[in-house]
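Okay, so here's the structure we're looking at.
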Amino acid sequence: MSLRMTTPPPHGGRLEERVVRDPQLAKKLAKGCPVYDIKPTLSDKGVPVRNVYREIMSTCYGFFSPVEGSMKEAEVEKVLNERRLLNNWIFPYPLVFDISEEDYKQLGVTAGDRVLLRLKGKPFAILDVEEVWRIKDTTELANRVFGSPEKNPEVVQEAFNEKHPGWVIYKSLNPVVLAGKYTIINEPKFRAPFDRFWCPPVKSREEFQKRGWRTVINHQTRNVPHVGHEHLMKNAAYTGDIEPCHGILVNAIIGVKRKGDYPDESILEGHEAVNQGGYIKPERHMVTYCLWDMRYGNPLESMLHGIIRQNMGCTHHMFGRDHAAVGDYYDQFATQTLWDKGIPSYGFDKSICEVEYGLHIKPQNMREFWYCPVCQEIAYSESCGHTKQKEKFSGSFIRGMVGEGIFPPRVIFRPEVYKAVVKWWKEFNFPFCNQNYVVAQEQKLEVDLPDLDV
């Protein structure tokens, strides 16, 4: 018998939605403000690695509740030292609006001022400046964000460096931080195909209620789905204390990706193909996304994912091995450790579902699965006696086949999903993210903005 669950409260107790939809009020709020044009964060090589507009969007639409804007210095320090906000609710990463010394000098603002933020040359949001502070050393900041083998020996296996995309983001920040609350005053319009999958927390909670979903488990992804991902979703939704789960939410992370990841468009339409092909029952499966330039922070990233999906109304979250990871920086089950028993060096001596001011969303930790050539099916844990013959699902191997133009066997890749990959391959002349794709995407972004005369 399944347990009757209820939609969890937003993280922090209140869902933030800081979006002004009245044009006259928007004009009044922006009148006379100094103007700043949002710029992407660039690596030392001049390649975009982040765009703060995505953090503004996810903050103002409630994905990051209870965060309301760019963090003050004291809050950043508390996040780095305790992984908590000043109000004590847990949160893994510093979120800041950073600008160069030159831009700050030209802007000429101080605490108490309001800045009009433009995106693609049009009014987008306002930032009410509460504090101006400086990052003294971005390398030190990047190291403190993710930890080290010395300070976090339970889970960190090697020191972070320029090969880690999240470390590069923090290393590449500008020195001046304008701290304060964001408010979107000119609501963006998503371009295709992103418009079909945009479902912020207020809307997702309404949709779950409309569908009668009392239990909703989330599948985090930055990937085009292979059959192993389907297996993970189906089994997670029928395992443990949520059998059967009413709904499976796919929530993709959309933003700058590392070289070799799939394009965002392929990811969304690949998961849509699973839905439309009926491989997971469409009535209990929903594809959405959140704007965020991934930090690839494994256990820390999983904490943010839990916050995002709890705010969306999910009751459970599935976690496999190497969650949101790249390279061998973390132990492959570091995320499950955080959710099972906590990581004391990050400030949690028990599960982040059990600590004060922690999360209500529950983990569904999944062990490794593989393809059994003897049984000719996907096997899980010790489900069959052929573990010596097991063949692991390798995303790198599958990407290698795709890169050579070889259609992977149906047992590991659905033809409809491959068709979605090929569609965007033709559009971008390459099946995976590369420098050309990242640069082009940062010029187009996922949104366009209406005209607003302020």
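We label chains A, B, ... in the order they appear in the structure tokens, count residues from 1 in each chain, and number ligands from 1 in the order shown.
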Quick one: residues within 12 Å of A:Thr315, only C-alpha atoms counted, chain neighbours fewer than 4 positions away excluded, as a PyMOL selection string?
chain A and resi 3-10+205+208+213-219+237+241-242+245-249+306-311+353+359-364
Expected file contents, prior selection, C-alpha atoms, as a PDB file, in the first residue's frame:
```pdb
ATOM      1  CA  LEU A   3       1.779   6.152   1.628  1.00  0.00           C
ATOM      2  CA  ARG A   4      -0.434   9.172   1.147  1.00  0.00           C
ATOM      3  CA  MET A   5       1.899  12.132   0.705  1.00  0.00           C
ATOM      4  CA  THR A   6       1.215  15.838   0.581  1.00  0.00           C
ATOM      5  CA  THR A   7       2.950  18.519  -1.439  1.00  0.00           C
ATOM      6  CA  PRO A   8       5.919  19.749   0.617  1.00  0.00           C
ATOM      7  CA  PRO A   9       6.113  23.419   1.575  1.00  0.00           C
ATOM      8  CA  PRO A  10       8.522  25.647  -0.346  1.00  0.00           C
ATOM      9  CA  ARG A 205       2.392  23.047  -8.220  1.00  0.00           C
ATOM     10  CA  PHE A 208       0.439  18.565 -10.011  1.00  0.00           C
ATOM     11  CA  TRP A 213      -0.378  13.865  -8.221  1.00  0.00           C
ATOM     12  CA  ARG A 214       0.161  13.544  -4.453  1.00  0.00           C
ATOM     13  CA  THR A 215       3.546  11.875  -4.918  1.00  0.00           C
ATOM     14  CA  VAL A 216       5.968  13.257  -7.513  1.00  0.00           C
ATOM     15  CA  ILE A 217       9.526  12.021  -7.973  1.00  0.00           C
ATOM     16  CA  ASN A 218      12.050  14.130  -9.845  1.00  0.00           C
ATOM     17  CA  HIS A 219      14.614  12.989 -12.396  1.00  0.00           C
ATOM     18  CA  ALA A 237       9.024   5.532  -9.061  1.00  0.00           C
ATOM     19  CA  ASP A 241       7.896   4.127   0.308  1.00  0.00           C
ATOM     20  CA  ILE A 242       6.302   5.622  -2.802  1.00  0.00           C
ATOM     21  CA  CYS A 245       4.468   7.199  -7.511  1.00  0.00           C
ATOM     22  CA  HIS A 246       1.772   9.286  -9.179  1.00  0.00           C
ATOM     23  CA  GLY A 247       4.084  11.419 -11.285  1.00  0.00           C
ATOM     24  CA  ILE A 248       7.623  11.491 -12.669  1.00  0.00           C
ATOM     25  CA  LEU A 249       8.965  14.985 -13.257  1.00  0.00           C
ATOM     26  CA  GLY A 306      16.529  19.169  -3.925  1.00  0.00           C
ATOM     27  CA  ILE A 307      15.689  22.827  -3.196  1.00  0.00           C
ATOM     28  CA  ILE A 308      14.597  23.464  -6.786  1.00  0.00           C
ATOM     29  CA  ARG A 309      12.379  20.388  -6.972  1.00  0.00           C
ATOM     30  CA  GLN A 310      10.886  20.841  -3.500  1.00  0.00           C
ATOM     31  CA  ASN A 311       9.956  24.368  -4.539  1.00  0.00           C
ATOM     32  CA  CYS A 353      16.230  15.968   5.422  1.00  0.00           C
ATOM     33  CA  LEU A 359      14.647  19.889   3.218  1.00  0.00           C
ATOM     34  CA  HIS A 360      11.285  18.117   3.179  1.00  0.00           C
ATOM     35  CA  ILE A 361      11.759  16.401  -0.173  1.00  0.00           C
ATOM     36  CA  LYS A 362      12.829  12.775   0.319  1.00  0.00           C
ATOM     37  CA  PRO A 363      15.691  10.993  -1.461  1.00  0.00           C
ATOM     38  CA  GLN A 364      15.297   7.836  -3.497  1.00  0.00           C
TER      39      GLN A 364
END
```
I'd like the contact shell of A:Pro201 - 10 Å cut-off, only C-alpha atoms, skipping same-chain residues fewer than 2 positions apart - returned as a list of chain:residue names.
A:Pro10, A:Leu15, A:Glu16, A:Glu17, A:Ser58, A:Tyr61, A:Gly62, A:Phe63, A:Phe64, A:Ser65, A:Trp198, A:Cys199, A:Lys203, A:Ser204, A:Arg205, A:Glu206, A:Glu207, A:Cys290, A:Ile308, A:Arg309, A:Gln310, A:Asn311, A:Met312, A:Gly313, A:Cys314
Could the residues in this selection be written to a file with C-alpha atoms, as a compact mmCIF listing (two decimals), in the first residue's frame?
```txt
# COMPACT_ATOMS: atom_id res chain seq x y z
CA PRO A 10 8.52 25.65 -0.35
CA LEU A 15 7.53 30.63 -2.47
CA GLU A 16 9.21 33.72 -3.88
CA GLU A 17 7.91 35.10 -7.16
CA SER A 58 15.42 31.18 -11.38
CA TYR A 61 10.39 32.63 -10.46
CA GLY A 62 10.91 30.86 -7.13
CA PHE A 63 13.20 27.95 -8.05
CA PHE A 64 15.79 29.12 -5.49
CA SER A 65 13.37 30.16 -2.70
CA TRP A 198 8.86 26.23 -19.07
CA CYS A 199 7.04 25.42 -15.85
CA LYS A 203 2.74 26.63 -12.35
CA SER A 204 4.17 23.17 -11.57
CA ARG A 205 2.39 23.05 -8.22
CA GLU A 206 -0.87 23.95 -9.95
CA GLU A 207 -0.24 21.28 -12.59
CA CYS A 290 15.32 25.14 -14.75
CA ILE A 308 14.60 23.46 -6.79
CA ARG A 309 12.38 20.39 -6.97
CA GLN A 310 10.89 20.84 -3.50
CA ASN A 311 9.96 24.37 -4.54
CA MET A 312 8.35 22.88 -7.65
CA GLY A 313 6.25 20.63 -5.42
CA CYS A 314 8.02 17.26 -5.72
```
If you run DSSP on this backbone, which residues of stretch 286-438 of chain A come out as strand (DSSP E), and could you give them as a list in words?
Met286, Val287, Thr288, Tyr289, Cys290, Leu291, His316, His317, Met318, Phe319, Lys362, Pro363, Gln364, Asn365, Phe369, Trp370, Tyr371, Cys372, Glu377, Ile378, Ala379, Tyr380, Glu391 and Lys392 of chain A
A:Ile185 environment, 12 Å, only C-alpha atoms, sequence neighbours closer than 2 positions dropped, as an MDAnalysis selection string:
chainID A and resid 17:31 56:57 60 115:119 122:127 182:183 187:188 449:454
